[in-house]
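Q: For reference, this is data.cif, and it has mmCIF, C-alpha atoms and all ligand atoms.
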```
data_target
#
loop_
_atom_site.group_PDB
_atom_site.id
_atom_site.type_symbol
_atom_site.label_atom_id
_atom_site.label_comp_id
_atom_site.auth_asym_id
_atom_site.auth_seq_id
_atom_site.Cartn_x
_atom_site.Cartn_y
_atom_site.Cartn_z
ATOM 1 C CA MET Z 1341 27.105 -2.996 -9.099
ATOM 2 C CA LEU Z 1342 25.197 0.074 -8.038
ATOM 3 C CA ASN Z 1343 21.887 -0.887 -6.427
ATOM 4 C CA ILE Z 1344 19.540 1.918 -5.500
ATOM 5 C CA ILE Z 1345 15.999 1.952 -4.180
ATOM 6 C CA LEU Z 1346 13.949 4.915 -5.335
ATOM 7 C CA PHE Z 1347 11.369 5.297 -2.611
ATOM 8 C CA GLY Z 1348 8.235 7.364 -2.120
ATOM 9 C CA PRO Z 1349 4.449 7.317 -1.972
ATOM 10 C CA PRO Z 1350 2.221 6.652 -5.007
ATOM 11 C CA GLY Z 1351 2.428 9.627 -7.338
ATOM 12 C CA ALA Z 1352 5.809 10.819 -6.020
ATOM 13 C CA GLY Z 1353 7.415 10.630 -9.466
ATOM 14 C CA LYS Z 1354 9.453 7.443 -9.065
ATOM 15 C CA GLY Z 1355 8.668 6.187 -12.565
ATOM 16 C CA THR Z 1356 9.553 9.495 -14.259
ATOM 17 C CA GLN Z 1357 12.826 9.848 -12.387
ATOM 18 C CA SER Z 1358 13.754 6.155 -12.759
ATOM 19 C CA GLU Z 1359 13.700 6.475 -16.555
ATOM 20 C CA LYS Z 1360 16.178 9.344 -16.383
ATOM 21 C CA ILE Z 1361 18.437 7.599 -13.858
ATOM 22 C CA ILE Z 1362 18.671 4.320 -15.778
ATOM 23 C CA ASN Z 1363 19.678 6.220 -18.931
ATOM 24 C CA LYS Z 1364 22.329 8.310 -17.229
ATOM 25 C CA TYR Z 1365 23.893 5.520 -15.145
ATOM 26 C CA ASN Z 1366 23.119 2.596 -17.441
ATOM 27 C CA LEU Z 1367 21.217 0.674 -14.775
ATOM 28 C CA THR Z 1368 18.421 -1.886 -15.037
ATOM 29 C CA HIS Z 1369 14.959 -0.721 -13.961
ATOM 30 C CA ILE Z 1370 12.943 -3.081 -11.767
ATOM 31 C CA ALA Z 1371 9.506 -1.506 -11.304
ATOM 32 C CA THR Z 1372 7.164 -4.060 -9.775
ATOM 33 C CA GLY Z 1373 3.998 -2.087 -10.645
ATOM 34 C CA ASP Z 1374 5.048 -1.942 -14.323
ATOM 35 C CA LEU Z 1375 5.896 -5.647 -14.282
ATOM 36 C CA PHE Z 1376 2.479 -6.536 -12.869
ATOM 37 C CA ARG Z 1377 0.760 -4.320 -15.472
ATOM 38 C CA LYS Z 1378 2.741 -6.095 -18.195
ATOM 39 C CA HIS Z 1379 1.584 -9.482 -16.903
ATOM 40 C CA LEU Z 1380 -1.958 -8.157 -16.732
ATOM 41 C CA GLY Z 1381 -1.793 -6.965 -20.335
ATOM 42 C CA GLU Z 1382 -0.487 -10.344 -21.434
ATOM 43 C CA GLY Z 1383 -3.176 -12.159 -19.446
ATOM 44 C CA THR Z 1384 -0.734 -14.396 -17.546
ATOM 45 C CA GLU Z 1385 -1.757 -16.274 -14.394
ATOM 46 C CA LEU Z 1386 0.463 -13.932 -12.369
ATOM 47 C CA GLY Z 1387 -1.296 -10.948 -13.922
ATOM 48 C CA LYS Z 1388 -4.731 -12.326 -13.056
ATOM 49 C CA LEU Z 1389 -3.635 -12.996 -9.498
ATOM 50 C CA ALA Z 1390 -2.183 -9.487 -9.078
ATOM 51 C CA GLN Z 1391 -5.112 -7.643 -10.632
ATOM 52 C CA LYS Z 1392 -7.553 -8.081 -7.762
ATOM 53 C CA TYR Z 1393 -5.069 -6.533 -5.338
ATOM 54 C CA MET Z 1394 -3.949 -3.763 -7.663
ATOM 55 C CA ASP Z 1395 -7.420 -2.628 -8.653
ATOM 56 C CA GLU Z 1396 -8.252 -1.971 -5.006
ATOM 57 C CA GLY Z 1397 -4.920 -0.360 -4.212
ATOM 58 C CA ASN Z 1398 -3.859 -3.212 -1.921
ATOM 59 C CA LEU Z 1399 -0.468 -4.896 -1.926
ATOM 60 C CA VAL Z 1400 0.152 -8.070 -3.889
ATOM 61 C CA PRO Z 1401 1.338 -10.808 -1.437
ATOM 62 C CA ASP Z 1402 5.065 -10.637 -0.625
ATOM 63 C CA GLN Z 1403 5.947 -14.105 -1.926
ATOM 64 C CA VAL Z 1404 4.467 -13.317 -5.343
ATOM 65 C CA VAL Z 1405 6.376 -10.033 -5.614
ATOM 66 C CA ILE Z 1406 9.645 -11.511 -4.357
ATOM 67 C CA GLY Z 1407 9.487 -14.408 -6.825
ATOM 68 C CA MET Z 1408 8.992 -12.000 -9.710
ATOM 69 C CA VAL Z 1409 11.892 -9.778 -8.580
ATOM 70 C CA ASP Z 1410 14.188 -12.794 -8.163
ATOM 71 C CA GLU Z 1411 13.578 -13.670 -11.806
ATOM 72 C CA LYS Z 1412 14.398 -10.100 -12.925
ATOM 73 C CA LEU Z 1413 17.598 -10.062 -10.848
ATOM 74 C CA LYS Z 1414 18.721 -13.224 -12.617
ATOM 75 C CA GLU Z 1415 17.958 -11.724 -16.030
ATOM 76 C CA GLY Z 1416 19.985 -8.623 -15.152
ATOM 77 C CA ALA Z 1417 22.919 -10.492 -13.621
ATOM 78 C CA ASN Z 1418 25.421 -8.824 -15.970
ATOM 79 C CA SER Z 1419 24.038 -5.337 -15.533
ATOM 80 C CA ASN Z 1420 25.812 -2.344 -13.951
ATOM 81 C CA GLY Z 1421 23.210 -2.411 -11.230
ATOM 82 C CA PHE Z 1422 19.528 -1.888 -10.503
ATOM 83 C CA ILE Z 1423 17.060 0.849 -9.723
ATOM 84 C CA PHE Z 1424 14.246 -0.583 -7.617
ATOM 85 C CA ASP Z 1425 11.027 1.364 -8.074
ATOM 86 C CA GLY Z 1426 7.885 0.501 -6.105
ATOM 87 C CA PHE Z 1427 9.823 -2.277 -4.368
ATOM 88 C CA PRO Z 1428 10.457 -3.149 -1.551
ATOM 89 C CA ARG Z 1429 7.066 -2.072 -0.244
ATOM 90 C CA THR Z 1430 7.123 -4.041 3.026
ATOM 91 C CA VAL Z 1431 9.861 -4.880 5.516
ATOM 92 C CA PRO Z 1432 9.750 -8.612 4.586
ATOM 93 C CA GLN Z 1433 10.259 -7.582 0.937
ATOM 94 C CA ALA Z 1434 13.270 -5.488 1.985
ATOM 95 C CA GLN Z 1435 14.765 -8.407 3.911
ATOM 96 C CA ALA Z 1436 14.164 -10.777 0.996
ATOM 97 C CA LEU Z 1437 15.809 -8.333 -1.419
ATOM 98 C CA GLU Z 1438 18.892 -8.083 0.771
ATOM 99 C CA THR Z 1439 19.117 -11.876 0.952
ATOM 100 C CA LEU Z 1440 18.788 -12.242 -2.826
ATOM 101 C CA LEU Z 1441 21.515 -9.636 -3.385
ATOM 102 C CA GLU Z 1442 23.790 -11.173 -0.737
ATOM 103 C CA GLU Z 1443 23.604 -14.499 -2.545
ATOM 104 C CA LYS Z 1444 25.186 -12.692 -5.488
ATOM 105 C CA GLY Z 1445 27.783 -10.920 -3.328
ATOM 106 C CA GLU Z 1446 25.881 -7.649 -3.797
ATOM 107 C CA SER Z 1447 24.033 -5.219 -1.542
ATOM 108 C CA ILE Z 1448 21.828 -2.127 -1.536
ATOM 109 C CA ASN Z 1449 23.980 1.010 -1.812
ATOM 110 C CA GLY Z 1450 21.234 3.307 -0.627
ATOM 111 C CA MET Z 1451 17.624 4.388 -0.644
ATOM 112 C CA ILE Z 1452 16.635 7.777 -2.070
ATOM 113 C CA ALA Z 1453 13.177 8.935 -0.977
ATOM 114 C CA LEU Z 1454 11.082 11.508 -2.815
ATOM 115 C CA ASP Z 1455 9.191 13.687 -0.360
ATOM 116 C CA VAL Z 1456 5.834 14.995 -1.651
ATOM 117 C CA PRO Z 1457 2.894 16.303 0.421
ATOM 118 C CA GLU Z 1458 -0.300 14.229 0.392
ATOM 119 C CA GLU Z 1459 -2.470 16.854 -1.331
ATOM 120 C CA GLU Z 1460 0.020 17.115 -4.196
ATOM 121 C CA LEU Z 1461 0.100 13.302 -4.541
ATOM 122 C CA LYS Z 1462 -3.670 13.078 -4.884
ATOM 123 C CA LYS Z 1463 -3.665 15.855 -7.472
ATOM 124 C CA ARG Z 1464 -0.939 14.156 -9.536
ATOM 125 C CA ILE Z 1465 -2.562 10.718 -9.412
ATOM 126 C CA LYS Z 1466 -5.946 12.090 -10.521
ATOM 127 C CA GLU Z 1467 -4.257 13.974 -13.351
ATOM 128 C CA ARG Z 1468 -2.422 10.806 -14.412
ATOM 129 C CA GLY Z 1469 -5.735 8.901 -14.234
ATOM 130 C CA LYS Z 1470 -7.044 10.925 -17.169
ATOM 131 C CA THR Z 1471 -4.575 9.177 -19.481
ATOM 132 C CA SER Z 1472 -3.070 6.177 -17.649
ATOM 133 C CA GLY Z 1473 -6.112 3.932 -18.046
ATOM 134 C CA ARG Z 1474 -5.289 2.607 -14.569
ATOM 135 C CA ALA Z 1475 -8.367 1.715 -12.504
ATOM 136 C CA ASP Z 1476 -6.405 2.563 -9.342
ATOM 137 C CA ASP Z 1477 -5.728 6.132 -10.579
ATOM 138 C CA GLN Z 1478 -9.341 7.030 -11.257
ATOM 139 C CA ASP Z 1479 -11.219 6.496 -8.026
ATOM 140 C CA GLU Z 1480 -10.915 8.731 -4.980
ATOM 141 C CA ASN Z 1481 -11.371 5.835 -2.519
ATOM 142 C CA LYS Z 1482 -8.721 3.717 -4.230
ATOM 143 C CA ILE Z 1483 -6.276 6.601 -4.201
ATOM 144 C CA GLU Z 1484 -6.965 7.163 -0.491
ATOM 145 C CA ASN Z 1485 -6.449 3.457 0.168
ATOM 146 C CA ARG Z 1486 -3.095 3.420 -1.651
ATOM 147 C CA ILE Z 1487 -1.863 6.300 0.478
ATOM 148 C CA LYS Z 1488 -3.095 4.547 3.631
ATOM 149 C CA VAL Z 1489 -1.375 1.290 2.628
ATOM 150 C CA TYR Z 1490 1.782 3.301 1.947
ATOM 151 C CA LEU Z 1491 1.703 4.889 5.408
ATOM 152 C CA ASP Z 1492 0.892 1.630 7.225
ATOM 153 C CA GLU Z 1493 2.950 -0.945 5.355
ATOM 154 C CA THR Z 1494 5.549 0.814 3.236
ATOM 155 C CA LEU Z 1495 6.819 3.707 5.352
ATOM 156 C CA PRO Z 1496 8.473 1.280 7.831
ATOM 157 C CA VAL Z 1497 10.824 0.303 4.972
ATOM 158 C CA ALA Z 1498 12.294 3.833 5.125
ATOM 159 C CA ASN Z 1499 13.098 3.374 8.835
ATOM 160 C CA TYR Z 1500 14.578 -0.016 8.066
ATOM 161 C CA PHE Z 1501 17.180 1.508 5.727
ATOM 162 C CA ASP Z 1502 17.592 4.644 7.835
ATOM 163 C CA GLN Z 1503 18.749 2.448 10.720
ATOM 164 C CA LYS Z 1504 21.425 1.081 8.403
ATOM 165 C CA ASP Z 1505 22.478 4.621 7.423
ATOM 166 C CA LYS Z 1506 21.340 3.961 3.887
ATOM 167 C CA PHE Z 1507 18.508 6.481 3.689
ATOM 168 C CA VAL Z 1508 18.317 9.978 2.254
ATOM 169 C CA LYS Z 1509 15.251 12.121 1.589
ATOM 170 C CA ILE Z 1510 15.001 14.757 -1.118
ATOM 171 C CA ASN Z 1511 12.307 17.249 -2.070
ATOM 172 C CA GLY Z 1512 9.990 15.686 -4.669
ATOM 173 C CA VAL Z 1513 8.280 18.980 -5.536
ATOM 174 C CA GLY Z 1514 9.834 21.142 -8.251
ATOM 175 C CA SER Z 1515 10.732 20.750 -11.907
ATOM 176 C CA ILE Z 1516 11.557 17.258 -13.174
ATOM 177 C CA ASP Z 1517 15.121 18.380 -13.963
ATOM 178 C CA GLU Z 1518 15.661 20.048 -10.597
ATOM 179 C CA ILE Z 1519 14.598 16.877 -8.796
ATOM 180 C CA PHE Z 1520 16.681 14.757 -11.163
ATOM 181 C CA ASN Z 1521 19.794 16.840 -10.418
ATOM 182 C CA ASN Z 1522 19.269 16.376 -6.690
ATOM 183 C CA ILE Z 1523 18.875 12.629 -7.184
ATOM 184 C CA CYS Z 1524 22.075 12.520 -9.275
ATOM 185 C CA ASP Z 1525 24.021 14.249 -6.484
ATOM 186 C CA GLN Z 1526 22.923 11.452 -4.169
ATOM 187 C CA VAL Z 1527 23.616 8.687 -6.685
ATOM 188 C CA ASP Z 1528 27.133 10.079 -7.268
ATOM 189 C CA ARG Z 1529 27.699 9.999 -3.523
ATOM 190 C CA LEU Z 1530 26.703 6.326 -3.417
ATOM 191 C CA LYS Z 1531 28.843 5.222 -6.370
HETATM 192 P P1 LIG Y 1 2.007 3.606 -7.557
HETATM 193 O O1 LIG Y 1 3.386 3.809 -7.012
HETATM 194 O O2 LIG Y 1 1.548 4.719 -8.434
HETATM 195 O O3 LIG Y 1 0.981 3.243 -6.518
HETATM 196 P P2 LIG Y 1 2.837 1.097 -8.825
HETATM 197 O O4 LIG Y 1 2.816 1.017 -10.286
HETATM 198 O O5 LIG Y 1 4.167 1.081 -8.144
HETATM 199 O O6 LIG Y 1 2.005 2.393 -8.516
HETATM 200 O O7 LIG Y 1 1.962 -0.084 -8.174
HETATM 201 C C1 LIG Y 1 0.648 -0.332 -8.548
HETATM 202 C C2 LIG Y 1 0.076 -1.484 -7.720
HETATM 203 O O8 LIG Y 1 0.821 -2.681 -7.986
HETATM 204 C C3 LIG Y 1 0.141 -1.330 -6.212
HETATM 205 O O9 LIG Y 1 -0.939 -0.572 -5.699
HETATM 206 C C4 LIG Y 1 0.112 -2.796 -5.753
HETATM 207 O O10 LIG Y 1 -1.190 -3.340 -5.843
HETATM 208 C C5 LIG Y 1 0.941 -3.496 -6.811
HETATM 209 N N1 LIG Y 1 2.369 -3.539 -6.422
HETATM 210 C C6 LIG Y 1 3.404 -2.921 -7.078
HETATM 211 N N2 LIG Y 1 4.562 -3.159 -6.451
HETATM 212 C C7 LIG Y 1 4.284 -3.917 -5.359
HETATM 213 C C8 LIG Y 1 5.049 -4.471 -4.311
HETATM 214 N N3 LIG Y 1 6.383 -4.289 -4.238
HETATM 215 N N4 LIG Y 1 4.404 -5.192 -3.354
HETATM 216 C C9 LIG Y 1 3.090 -5.398 -3.399
HETATM 217 N N5 LIG Y 1 2.296 -4.902 -4.366
HETATM 218 C C10 LIG Y 1 2.867 -4.172 -5.348
#
```
Write the structure described by the file as structure tokens, please.
Ligand code: ADP

A:
Amino acid sequence: MLNIILFGPPGAGKGTQSEKIINKYNLTHIATGDLFRKHLGEGTELGKLAQKYMDEGNLVPDQVVIGMVDEKLKEGANSNGFIFDGFPRTVPQAQALETLLEEKGESINGMIALDVPEEELKKRIKERGKTSGRADDQDENKIENRIKVYLDETLPVANYFDQKDKFVKINGVGSIDEIFNNICDQVDRLK
């Protein structure tokens, strides 16, 4: 299996690039934000629980996220591997992911981080807010809070994998194809 974490702040382009990567390498996409939005749309209990955190740009509690990912890992047990997008977002989530993979005799091959300056992120998120219908994309304070939560709670996950020599950063500004090619170079190195 090839298990890759696509990392980066909100608005870095993880979703766009993940779609291209899963098609090229035939991997299974686990995007926790998308999964929560699906639950929300279907009105499940999990969706209702997640909504109050998401709408404010705060993190959904670790145990809730980890349980949902565990289920997706089981569903994708026969897959070529996974692209994790928007997960892990805290160090405890990273540790839980490693444990879940270890139980299957698997591990994380590497983390690829998209580097995008803060001003560009805010611009992209506001632009996306015009069509995404996402409450968290349309309010300046919520966008600011998501970036703050990223810096405080999520950035330590990059150090966590860097210490294991499993971290690489690439430029997240440029054309979608340029960035995709740079990601593919890294994925090929990890295969
Ligand atoms: P973005 O990367 O644009 O902020 P996502 O779609 O990844 O958007 O996530 C949207 C929201 O879903 C987050 O702000 C958070 O509330 C919740 N969420 C998604 N993934 C996680 C996670 N791994 N841990 C905690 N909360 C999460």

Q: Step by step, measure atom-to-atom distances between ligand LIG 1 (chain Y) and each residue using only C-alpha atoms and all ligand atoms, keep those at most 8 Å, then write them as an NGL selection string.

A: :Z and (1348-1352 or 1354 or 1371-1374 or 1376-1377 or 1390-1391 or 1393-1402 or 1405-1406 or 1425-1430 or 1433 or 1465 or 1476-1477 or 1486)

Q: Please report the interatomic distance between CA of Glu1458 (chain Z) and CA of Ile1487 (chain Z) in Å with one decimal.

A: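 Between CA of Glu1458 (chain Z) and CA of Ile1487 (chain Z) the gap works out to 8.1 Å.
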
Q: Choose the residue, out of Z:Gln1478, Z:Asn1511, Z:Thr1384, Z:Asn1499, that has the smallest atom-to-atom separation from Pro1457 (chain Z); count all atoms listed in the file.

A: Z:Asn1511

Q: Output the residue selection produced by the PyMOL selection byres (((chain Z and resi 1498) around 12) and not hetatm) on the file above, formatted as JSON, numbers by chain.

A: {"Z": [1345, 1346, 1347, 1348, 1349, 1427, 1428, 1429, 1430, 1431, 1434, 1450, 1451, 1452, 1453, 1454, 1455, 1490, 1491, 1492, 1493, 1494, 1495, 1496, 1497, 1499, 1500, 1501, 1502, 1503, 1504, 1505, 1506, 1507, 1508, 1509]}

Q: Can you tell me, as an MDAnalysis selection string, what residues are no more than 9 Å from Glu1484 (chain Z) when counting only C-alpha atoms, ignoring any on the same chain fewer than 4 positions away?

A: chainID Z and resid 1397 1462 1479:1480 1488:1489

Q: Nearest to Asp1410 (chain Z) among Z:Ile1423, Z:Ile1510, Z:Ile1344, Z:Leu1440, with distances taken over all atoms listed in the file: which residue is it?

A: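 Selected residue with least distance to Asp1410 (chain Z): Z:Leu1440.
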
Q: Going by the chain IDs and residue numbers used in this file, which residues fall under the PyMOL selection byres (((chain Z and resi 1446) around 12) and not hetatm)? Write them as a PyMOL selection string.

A: chain Z and resi 1341-1344+1413+1417+1420-1422+1437-1445+1447-1449

Q: What is the distance, in Å and to one decimal place, between CA of Val1456 (chain Z) and CA of Lys1531 (chain Z)?

A: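 Computing it gives 25.4 Å between the two atoms.
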
Q: Which residue out of Z:Arg1474, Z:Asn1481, Z:Gln1526, Z:Ile1519 has the minimum interatomic distance to Gly1381 (chain Z) when all atoms listed in the file are used?

A: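 Between Z:Arg1474, Z:Asn1481, Z:Gln1526, Z:Ile1519, the residue approaching Gly1381 (chain Z) most closely is Z:Arg1474.
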
Q: For CA of Phe1424 (chain Z) and CA of Ser1472 (chain Z), determine how far apart the two atoms are, in Å to one decimal place.

A: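 It comes out at 21.1 Å.
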